[in-house]
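So this block is model.cif, mmCIF, C-alpha atoms:
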data_target
#
loop_
_atom_site.label_atom_id
_atom_site.label_comp_id
_atom_site.auth_asym_id
_atom_site.auth_seq_id
_atom_site.Cartn_x
_atom_site.Cartn_y
_atom_site.Cartn_z
CA MET B 1 96.60 113.43 86.96
CA THR B 2 100.21 114.51 87.08
CA LEU B 3 103.33 114.48 89.23
CA ASN B 4 105.91 117.15 90.02
CA ILE B 5 109.13 115.58 88.77
CA ASP B 6 111.94 117.96 87.82
CA THR B 7 114.98 115.81 88.62
CA ILE B 8 115.51 112.05 88.35
CA LEU B 9 118.54 110.32 89.84
CA PHE B 10 119.62 107.31 87.82
CA PRO B 11 122.35 105.26 89.59
CA THR B 12 124.02 102.91 87.13
CA ASP B 13 126.80 100.34 86.76
CA PHE B 14 126.19 100.22 82.98
CA SER B 15 124.89 96.66 83.09
CA ASP B 16 121.92 95.39 81.05
CA VAL B 17 119.55 95.85 83.98
CA ALA B 18 120.66 99.47 84.24
CA GLU B 19 119.77 100.03 80.60
CA GLY B 20 116.26 98.71 81.24
CA ALA B 21 115.82 101.04 84.21
CA PHE B 22 117.06 103.98 82.12
CA ALA B 23 114.22 103.41 79.64
CA HIS B 24 111.74 104.08 82.47
CA ALA B 25 113.73 107.08 83.70
CA ALA B 26 113.67 108.41 80.14
CA HIS B 27 109.91 107.88 79.84
CA LEU B 28 109.21 109.87 83.01
CA ALA B 29 111.77 112.55 82.11
CA LEU B 30 110.19 113.00 78.69
CA ARG B 31 106.68 113.15 80.10
CA TYR B 32 107.45 115.53 82.97
CA HIS B 33 110.26 117.55 81.31
CA ALA B 34 112.72 116.40 83.95
CA THR B 35 116.52 116.27 83.99
CA ILE B 36 118.16 112.86 84.49
CA HIS B 37 121.25 112.70 86.71
CA VAL B 38 123.27 109.66 85.61
CA PHE B 39 125.28 108.68 88.68
CA ASN B 40 128.04 106.10 88.99
CA VAL B 41 129.93 104.97 92.08
CA VAL B 42 133.41 103.44 91.84
CA ALA B 43 135.73 102.12 94.52
CA PRO B 44 138.35 104.70 95.60
CA ASP B 45 141.23 102.45 94.47
CA GLY B 46 139.59 101.34 91.23
CA GLY B 47 141.93 103.27 88.97
CA ASP B 48 141.26 104.66 85.52
CA THR B 49 141.09 101.21 83.91
CA SER B 50 137.91 100.39 85.84
CA ASN B 51 136.22 103.73 85.28
CA PRO B 52 132.89 102.90 83.59
CA MET B 53 132.33 106.56 82.70
CA ASP B 54 134.99 106.04 80.02
CA PHE B 55 132.47 103.96 78.11
CA LEU B 56 129.94 106.80 77.84
CA PRO B 57 129.89 108.63 74.48
CA VAL B 58 130.07 112.00 76.19
CA GLU B 59 132.41 114.87 75.52
CA PRO B 60 133.26 117.21 78.46
CA ALA B 61 131.27 120.42 78.23
CA ALA B 62 133.33 123.60 77.83
CA ASP B 63 133.53 126.04 80.75
CA THR B 64 131.77 123.61 83.07
CA ASP B 65 132.06 123.88 86.83
CA ALA B 66 133.27 120.49 88.10
CA ASP B 67 130.87 120.72 91.03
CA GLU B 68 127.90 121.55 88.83
CA PRO B 69 128.22 119.68 85.52
CA ALA B 70 126.19 121.06 82.65
CA ALA B 71 123.21 119.15 81.31
CA GLN B 72 123.58 117.68 77.84
CA HIS B 73 120.58 116.98 75.66
CA VAL B 74 120.45 113.32 74.71
CA GLU B 75 118.11 111.48 72.36
CA VAL B 76 116.46 108.55 74.15
CA GLN B 77 114.04 105.72 73.51
CA THR B 78 111.65 105.13 76.39
CA ALA B 79 110.02 102.07 77.90
CA THR B 80 106.95 102.84 75.78
CA GLN B 81 109.07 103.00 72.59
CA GLU B 82 108.73 106.76 72.32
CA ARG B 83 111.70 108.79 71.18
CA GLY B 84 112.65 112.25 72.34
CA THR B 85 115.35 114.44 73.80
CA VAL B 86 115.96 114.87 77.52
CA PRO B 87 118.60 116.81 79.50
CA VAL B 88 121.15 114.54 81.18
CA VAL B 89 123.83 115.32 83.77
CA TYR B 90 126.69 112.83 84.26
CA THR B 91 128.30 112.49 87.68
CA GLN B 92 130.73 110.01 89.20
CA THR B 93 131.96 109.64 92.78
CA ASP B 94 134.35 107.43 94.73
CA SER B 95 132.86 105.53 97.62
CA THR B 96 133.11 102.19 99.39
CA SER B 97 129.35 102.32 100.02
CA PRO B 98 127.27 102.70 96.82
CA SER B 99 123.97 102.95 98.70
CA GLU B 100 125.25 105.69 101.00
CA ALA B 101 126.63 107.64 98.04
CA ILE B 102 123.31 107.40 96.20
CA ILE B 103 121.30 108.47 99.24
CA ASN B 104 123.65 111.38 99.97
CA TYR B 105 123.48 112.61 96.36
CA ALA B 106 119.69 112.39 96.33
CA ASP B 107 119.59 114.36 99.57
CA GLU B 108 122.17 117.01 98.65
CA LYS B 109 120.74 117.63 95.18
CA ASP B 110 117.11 117.43 96.35
CA MET B 111 116.22 114.77 93.80
CA ASP B 112 112.53 114.16 93.17
CA LEU B 113 112.86 110.50 92.22
CA VAL B 114 115.44 107.70 92.10
CA VAL B 115 115.09 105.19 89.25
CA MET B 116 117.48 102.26 89.49
CA GLY B 117 117.92 98.69 88.41
CA THR B 118 118.27 95.91 90.92
CA HIS B 119 120.15 92.59 90.85
CA GLY B 120 122.67 93.86 88.34
CA ARG B 121 126.28 92.79 88.07
CA LYS B 122 128.01 91.83 91.30
CA GLY B 123 131.46 93.15 90.58
CA MET B 124 133.61 95.39 92.68
CA ASP B 125 131.12 98.21 93.21
CA ARG B 126 127.95 96.03 93.31
CA LEU B 127 126.04 99.22 92.54
CA LEU B 128 122.87 97.47 91.45
CA SER B 129 122.89 94.48 93.75
CA GLY B 130 119.67 93.67 95.58
CA SER B 131 121.09 94.73 98.93
CA VAL B 132 122.07 98.16 97.60
CA SER B 133 118.65 98.84 96.10
CA GLU B 134 116.97 97.80 99.35
CA GLU B 135 119.17 100.19 101.31
CA VAL B 136 118.33 103.00 98.89
CA VAL B 137 114.61 102.25 99.22
CA ARG B 138 115.01 102.38 102.99
CA GLY B 139 117.14 105.51 103.18
CA ALA B 140 116.40 107.76 100.19
CA PRO B 141 114.62 111.04 100.98
CA CYS B 142 112.42 110.72 97.89
CA PRO B 143 110.42 108.02 96.07
CA VAL B 144 112.41 105.14 94.56
CA PHE B 145 111.51 103.22 91.39
CA THR B 146 113.33 99.86 91.32
CA VAL B 147 113.40 97.94 88.03
CA LEU B 148 114.17 94.23 87.61
CA PRO B 149 116.20 92.89 84.69
CA SER B 150 114.11 91.89 81.69
CA ALA B 151 113.49 88.20 81.05
CA ASP B 152 114.14 88.85 77.34
CA GLU B 153 117.61 90.24 76.74
CA GLY B 154 117.57 93.57 74.95
CA SER B 155 113.87 94.26 75.60
CA VAL B 156 112.26 96.58 78.13
CA PRO B 157 108.74 95.51 79.18
CA THR B 158 106.37 98.42 79.27
CA ILE B 159 103.84 98.93 82.04
CA SER B 160 100.35 97.68 81.19
CA ARG B 161 98.90 97.25 84.69
CA VAL B 162 99.55 99.17 87.92
CA LEU B 163 98.85 97.82 91.42
CA ALA B 164 98.58 100.01 94.53
CA PRO B 165 98.51 97.97 97.76
CA VAL B 166 97.28 100.18 100.62
CA ASP B 167 96.89 99.64 104.35
CA LEU B 168 93.98 102.14 104.60
CA SER B 169 96.04 104.39 106.88
CA GLU B 170 95.99 108.18 106.52
CA GLN B 171 98.76 107.88 103.89
CA SER B 172 96.70 105.70 101.55
CA ASP B 173 95.39 108.72 99.64
CA MET B 174 98.94 109.76 98.81
CA VAL B 175 99.81 106.29 97.54
CA VAL B 176 96.66 106.02 95.44
CA HIS B 177 97.14 109.43 93.83
CA HIS B 178 100.76 108.64 92.93
CA ALA B 179 99.64 105.29 91.51
CA ALA B 180 96.89 106.98 89.50
CA ALA B 181 99.34 109.49 88.03
CA LEU B 182 101.71 106.69 87.04
CA SER B 183 98.87 104.68 85.52
CA ASP B 184 98.05 107.75 83.42
CA ALA B 185 101.72 108.19 82.50
CA TYR B 186 101.81 104.66 81.11
CA ALA B 187 98.16 104.54 79.96
CA ALA B 188 97.68 101.47 82.16
CA PRO B 189 94.69 100.37 84.25
CA LEU B 190 94.95 100.66 88.02
CA ASP B 191 94.12 98.09 90.72
CA LEU B 192 93.80 98.88 94.43
CA LEU B 193 94.48 96.09 96.91
CA HIS B 194 94.05 95.77 100.66
CA VAL B 195 95.09 92.67 102.57
CA VAL B 196 93.24 92.07 105.84
CA GLU B 197 95.84 90.41 108.03
CA GLU B 198 94.63 87.13 109.50
CA ALA B 199 94.99 86.88 113.26
CA ALA B 200 97.34 84.12 114.42
CA TYR B 201 97.10 82.73 117.96
CA PRO B 202 99.42 80.36 119.85
CA SER B 203 98.05 76.83 120.14
CA ALA B 204 97.95 77.27 123.96
CA TYR B 205 94.96 79.59 123.48
CA GLY B 206 92.87 76.61 122.32
CA LEU B 207 91.76 78.57 119.22
CA ASP B 208 92.13 77.96 115.52
CA PRO B 209 95.74 79.05 114.77
CA LEU B 210 94.52 81.07 111.80
CA THR B 211 91.29 82.81 112.68
CA PRO B 212 89.51 83.93 109.48
CA SER B 213 88.90 87.63 109.15
CA LEU B 214 85.32 88.62 109.85
CA PRO B 215 83.28 89.22 106.66
CA ASN B 216 82.22 92.68 107.79
CA VAL B 217 85.88 93.69 108.10
CA GLN B 218 86.47 92.79 104.47
CA ASP B 219 83.27 94.54 103.45
CA ARG B 220 84.38 97.71 105.23
CA ALA B 221 87.79 97.47 103.59
CA ARG B 222 86.18 97.19 100.17
CA GLU B 223 84.01 100.24 100.88
CA ALA B 224 87.11 102.18 101.91
CA LEU B 225 88.91 101.19 98.72
CA GLU B 226 85.91 102.18 96.61
CA THR B 227 85.88 105.55 98.35
CA LEU B 228 89.57 106.03 97.48
CA ALA B 229 88.92 105.00 93.89
CA GLY B 230 86.00 107.40 93.65
CA ARG B 231 88.28 110.36 94.33
CA LEU B 232 90.35 109.69 91.23
CA ASP B 233 89.85 111.18 87.80
CA LEU B 234 91.62 108.78 85.43
CA ARG B 235 92.01 108.86 81.68
CA THR B 236 92.49 105.09 81.60
CA ASP B 237 90.19 102.21 82.53
CA PRO B 238 88.09 102.27 85.72
CA VAL B 239 89.86 101.37 88.95
CA ASN B 240 89.49 97.78 90.15
CA VAL B 241 89.39 97.11 93.90
CA HIS B 242 90.41 93.89 95.62
CA VAL B 243 90.31 92.73 99.25
CA LEU B 244 92.11 89.61 100.43
CA ALA B 245 92.52 87.96 103.82
CA GLY B 246 96.00 86.70 104.54
CA TYR B 247 99.51 88.11 104.87
CA ALA B 248 100.30 91.40 103.15
CA ALA B 249 103.81 90.88 101.74
CA ARG B 250 103.11 87.37 100.50
CA ASP B 251 99.70 88.16 99.03
CA ILE B 252 100.82 91.36 97.29
CA VAL B 253 103.56 89.44 95.48
CA GLU B 254 101.25 86.54 94.62
CA PHE B 255 98.55 88.92 93.37
CA ALA B 256 101.12 90.66 91.15
CA GLN B 257 102.21 87.32 89.72
CA GLU B 258 98.73 85.95 89.13
CA HIS B 259 97.36 89.15 87.59
CA GLU B 260 100.47 90.00 85.53
CA VAL B 261 101.01 93.33 87.24
CA ASP B 262 103.78 95.45 85.68
CA LEU B 263 104.27 98.06 88.43
CA ILE B 264 103.57 98.08 92.17
CA VAL B 265 103.18 101.45 93.92
CA MET B 266 103.30 101.35 97.72
CA ALA B 267 104.42 103.19 100.85
CA THR B 268 107.24 102.46 103.26
CA HIS B 269 107.42 103.55 106.87
CA GLY B 270 110.36 105.93 107.02
CA ARG B 271 113.99 105.40 107.86
CA THR B 272 114.68 106.22 111.50
CA GLY B 273 113.91 104.75 114.88
CA LEU B 274 111.31 102.01 115.12
CA ASP B 275 110.03 102.87 111.63
CA ARG B 276 113.26 101.55 110.16
CA PHE B 277 112.20 98.04 111.12
CA LEU B 278 108.64 98.36 109.84
CA ILE B 279 109.72 98.60 106.21
CA GLY B 280 111.06 95.04 106.42
CA SER B 281 107.64 93.65 107.30
CA VAL B 282 105.99 94.50 103.99
CA ALA B 283 107.55 96.97 101.54
CA GLU B 284 111.10 95.66 101.65
CA LYS B 285 109.89 92.09 101.19
CA VAL B 286 107.80 93.16 98.22
CA VAL B 287 110.75 94.99 96.65
CA ARG B 288 112.86 91.86 97.14
CA ARG B 289 110.32 89.34 95.80
CA ALA B 290 108.10 91.20 93.35
CA PRO B 291 108.05 89.97 89.73
CA CYS B 292 107.89 93.55 88.45
CA PRO B 293 109.20 97.08 89.15
CA VAL B 294 108.22 98.66 92.46
CA PHE B 295 107.68 102.39 93.11
CA THR B 296 108.04 103.13 96.84
CA LEU B 297 107.04 106.26 98.72
CA LYS B 298 107.96 107.35 102.22
CA SER B 299 104.81 107.55 104.32
CA PHE B 300 105.87 110.96 105.64
CA GLY B 301 108.50 111.77 103.03
CA LYS B 302 108.64 113.74 99.82
CA SER B 303 105.45 113.83 97.80
CA LEU B 304 105.44 114.31 94.03
CA LEU B 305 101.80 115.41 93.95
CA PRO B 306 100.89 118.97 92.93
CA GLU B 307 99.90 121.03 95.95
CA SER B 308 96.22 121.09 94.96
CA GLU B 309 96.04 117.28 94.86
CA THR B 310 97.94 117.02 98.14
CA GLN B 311 95.35 119.24 99.83
CA GLU B 312 92.47 117.24 98.33
CA SER B 313 93.89 113.98 99.69
CA GLU B 314 94.27 115.31 103.25
#
Could you write out this structure as structure tokens?
Amino acid sequence: MTLNIDTILFPTDFSDVAEGAFAHAAHLALRYHATIHVFNVVAPDGGDTSNPMDFLPVEPAADTDADEPAAQHVEVQTATQERGTVPVVYTQTDSTSPSEAIINYADEKDMDLVVMGTHGRKGMDRLLSGSVSEEVVRGAPCPVFTVLPSADEGSVPTISRVLAPVDLSEQSDMVVHHAAALSDAYAAPLDLLHVVEEAAYPSAYGLDPLTPSLPNVQDRAREALETLAGRLDLRTDPVNVHVLAGYAARDIVEFAQEHEVDLIVMATHGRTGLDRFLIGSVAEKVVRRAPCPVFTLKSFGKSLLPESETQESE
């Protein structure tokens, strides 16, 4: 399975967490022959002394249009310890809102994917703060891959297990196919998870406050997950399916912790109107609390699947 990724936006503040995220951007760029756009946001009054682009070992390309900087081929080491050469474009902009600048760039340049660190340094621009990454997840027109800082300084954990939580809506096929492609990209096994939400009733109803989900509901959910798994053609291990009864955001995070998941792939619910609030109920909480990177897709946003796979999943 594969993904259509031609351009990757990599917002950075040049902190250690940014370097870890770049290793994943490099891995995907090398695999899919994509160009990485390294993007930095500085405050308008920052001045030259605070310009982090000065620290990049990059010479200006000759005869380059300032609006369309030329790609430079850079040797990289990826999250899987591969080495190779990928095209990189360096861009910097002034803005008081890093998240808005990132979203606007992704929209204007029609980026296929944003790969960014989260919880980086909290200096003047706060480019990689948790709040900025959450806003990008909410507002970006394309999938977003958020990467946490490594527990071991200087190391970049690879991805050895991929988890795809799905709500069994009509968009679940899209999520599962993206997760399967990423599991192939990292040669990692894939787990599918559905959480049957437990019904909670006010005590005035005279019922058990937490009514257990009916067994047949969980059985039907497992059958649905097995059907989704059966549509995949993976080069890695067989797909494992899991059904839990509880609360989605909490149980997704706990499952990832208990099973040492290295990447979560899941959908959000858009960015306008009522949908803007729905992301906070599950996906945004997972992004905020997950012990590993999270790859989020808009339910009705840009798909990275080849057209043939998109048609098969409809």
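Among B:Ser183, B:Thr268, B:Thr35, B:Thr12, the residue with the shortest atom-to-atom distance to Asp167 of chain B, counting only C-alpha atoms, is B:Thr268.
Residue nearest Val166 of chain B within the list B:Leu148, B:Leu263, B:Val41, B:Leu228: B:Leu228 [criterion: smallest interatomic distance, all atoms listed in the file].
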Interatomic distance, atom CA of Leu192 of chain B to atom CA of Glu260 of chain B (Å, one decimal): 14.2 Å
Protein/DNA/RNA residues near (107.6, 117.7, 85.8), cut 9 Å, all atoms listed in the file, as a VMD selection string: chain B and resid 2 to 7 28 to 34
Atom pair atom CA of Val115 of chain B / atom CA of Pro11 of chain B: separation (Å):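 Result for atom CA of Val115 of chain B versus atom CA of Pro11 of chain B: 7.3 Å, one decimal.
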Hits from the PyMOL selection byres ((chain B and resi 221) around 12), listed as a short mmCIF file (atom, residue, chain, number, x, y, z; two decimals) with C-alpha atoms, keeping the file's coordinate frame:
data_model
loop_
_atom_site.label_atom_id
_atom_site.label_comp_id
_atom_site.auth_asym_id
_atom_site.auth_seq_id
_atom_site.Cartn_x
_atom_site.Cartn_y
_atom_site.Cartn_z
CA VAL B 166 97.28 100.18 100.62
CA ASP B 167 96.89 99.64 104.35
CA LEU B 168 93.98 102.14 104.60
CA SER B 169 96.04 104.39 106.88
CA LEU B 192 93.80 98.88 94.43
CA LEU B 193 94.48 96.09 96.91
CA HIS B 194 94.05 95.77 100.66
CA VAL B 195 95.09 92.67 102.57
CA VAL B 196 93.24 92.07 105.84
CA GLU B 197 95.84 90.41 108.03
CA SER B 213 88.90 87.63 109.15
CA LEU B 214 85.32 88.62 109.85
CA PRO B 215 83.28 89.22 106.66
CA ASN B 216 82.22 92.68 107.79
CA VAL B 217 85.88 93.69 108.10
CA GLN B 218 86.47 92.79 104.47
CA ASP B 219 83.27 94.54 103.45
CA ARG B 220 84.38 97.71 105.23
CA ARG B 222 86.18 97.19 100.17
CA GLU B 223 84.01 100.24 100.88
CA ALA B 224 87.11 102.18 101.91
CA LEU B 225 88.91 101.19 98.72
CA GLU B 226 85.91 102.18 96.61
CA THR B 227 85.88 105.55 98.35
CA LEU B 228 89.57 106.03 97.48
CA VAL B 241 89.39 97.11 93.90
CA HIS B 242 90.41 93.89 95.62
CA VAL B 243 90.31 92.73 99.25
CA LEU B 244 92.11 89.61 100.43
CA ALA B 245 92.52 87.96 103.82
#
B:Ala185, B:Val162, B:Ala71, B:Met1 ranked by distance to His27 of chain B, top pick (using only C-alpha atoms): B:Ala185
Shortest interatomic distance to Ala140 of chain B - which of B:Ile8, B:Ile103, B:Val114, B:Val287, counting all atoms listed in the file: B:Ile103
Nearby residues, (106.3, 116.9, 97.2) file frame, 10 Å, all atoms listed in the file, as a PyMOL selection string: chain B and resi 3-5+112+142-143+301-307+310
Nearest candidate to Ser131 of chain B (options B:Met266, B:Lys285, B:Pro157, B:Leu297; using all atoms listed in the file):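 So, comparing all the options, the nearest one is B:Lys285.
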